[in-house]
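See structure below.
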Amino acid sequence: MQQTLSIGELAHRSGVAPSALRYYERLGLIRAGRTGGNQRRYDRAELRRVSFIRIAQQVGVSLDEIRDALDGLPESRTPTKADWARLSSRWQTKLNDRIAFLERLRDDLTGCIGCGCLSLIACRLSNPDDELSDDGPGPRRFPALS
């Protein structure tokens, strides 16, 4: 079995565009060696790191948080199943908050878009005289997740 992957092979196997792989490398999330012709070569273990990054992003974890998690692994090794269990438990609160936010948004979507709108008739009922403008710009009833 081939021990290293070209950027095209890693992109194909991971479903991540080569440009994103180069970006991940620039951020220090993944590592590549170089051939004599200066072409990137990734150890096969980097495929697992890319998968880890993709799944973490899909649940709403930022690249900074992912980098911190990967940097916390001994010798910058590839995450194991136990690592994922430990790290994902840290991210559960954030994911639960995101789910609750999306459920509130879904349930109230037809009646209100957060009173950051431009005086829709329904919002005048919920926010007479634009009282929520005192709280600052943007939606007030559905604040963005941080």
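Scheme for the structure tokens: letters A, B, ... for chains in order shown; per-chain residue numbers from 1; ligand numbers from 1 in order shown.
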What are the DSSP alpha helix (DSSP H) residues of stretch 49-112 of chain A, as an mmCIF file with C-alpha atoms, in the first residue's frame?
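Writing done, so here's out_38.cif:
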```cif
data_model
loop_
_atom_site.group_PDB
_atom_site.id
_atom_site.type_symbol
_atom_site.label_atom_id
_atom_site.label_comp_id
_atom_site.auth_asym_id
_atom_site.auth_seq_id
_atom_site.Cartn_x
_atom_site.Cartn_y
_atom_site.Cartn_z
ATOM 1 C CA ARG A 49 -7.023 14.340 10.475
ATOM 2 C CA VAL A 50 -8.917 15.800 7.500
ATOM 3 C CA SER A 51 -11.941 13.632 8.349
ATOM 4 C CA PHE A 52 -11.724 14.816 11.959
ATOM 5 C CA ILE A 53 -11.648 18.448 10.773
ATOM 6 C CA ARG A 54 -14.643 17.967 8.463
ATOM 7 C CA ILE A 55 -16.814 16.308 11.110
ATOM 8 C CA ALA A 56 -15.900 18.896 13.750
ATOM 9 C CA GLN A 57 -16.747 21.710 11.337
ATOM 10 C CA GLN A 58 -20.083 20.096 10.499
ATOM 11 C CA LEU A 63 -11.070 25.960 12.864
ATOM 12 C CA ASP A 64 -9.357 27.692 15.805
ATOM 13 C CA GLU A 65 -11.006 25.258 18.235
ATOM 14 C CA ILE A 66 -10.086 22.339 15.990
ATOM 15 C CA ARG A 67 -6.463 23.500 15.843
ATOM 16 C CA ASP A 68 -6.379 23.792 19.657
ATOM 17 C CA ALA A 69 -7.759 20.247 19.939
ATOM 18 C CA LEU A 70 -5.242 18.833 17.474
ATOM 19 C CA ASP A 71 -2.375 20.754 19.057
ATOM 20 C CA LYS A 81 -11.502 7.087 18.792
ATOM 21 C CA ALA A 82 -10.798 7.914 22.455
ATOM 22 C CA ASP A 83 -9.578 11.397 21.471
ATOM 23 C CA TRP A 84 -12.761 12.003 19.504
ATOM 24 C CA ALA A 85 -14.907 10.876 22.458
ATOM 25 C CA ARG A 86 -13.069 13.219 24.834
ATOM 26 C CA LEU A 87 -13.062 16.203 22.471
ATOM 27 C CA SER A 88 -16.618 15.774 21.268
ATOM 28 C CA SER A 89 -17.880 15.727 24.852
ATOM 29 C CA ARG A 90 -16.326 19.196 25.261
ATOM 30 C CA TRP A 91 -18.189 20.366 22.169
ATOM 31 C CA GLN A 92 -21.567 18.909 23.170
ATOM 32 C CA THR A 93 -22.727 22.043 25.009
ATOM 33 C CA LYS A 94 -22.003 24.159 21.954
ATOM 34 C CA LEU A 95 -23.829 21.683 19.731
ATOM 35 C CA ASN A 96 -26.824 21.537 22.099
ATOM 36 C CA ASP A 97 -26.993 25.355 22.114
ATOM 37 C CA ARG A 98 -26.909 25.359 18.313
ATOM 38 C CA ILE A 99 -29.691 22.754 18.132
ATOM 39 C CA ALA A 100 -31.851 24.741 20.572
ATOM 40 C CA PHE A 101 -31.260 27.913 18.535
ATOM 41 C CA LEU A 102 -32.221 26.186 15.287
ATOM 42 C CA GLU A 103 -35.340 24.680 16.866
ATOM 43 C CA ARG A 104 -36.453 28.131 18.115
ATOM 44 C CA LEU A 105 -35.738 29.591 14.704
ATOM 45 C CA ARG A 106 -37.692 26.806 12.963
ATOM 46 C CA ASP A 107 -40.659 27.161 15.311
ATOM 47 C CA ASP A 108 -40.884 30.951 14.963
#
```
* A:Tyr42 surroundings by only C-alpha atoms, 9 Å radius, close-in-sequence under 2 positions cut, as an NGL selection string -> :A and (3-7 or 10 or 30-34 or 40 or 44-47)
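Relative to atom CA of A:Pro79, atom CA of A:Val16 is found at 18.3 Å.
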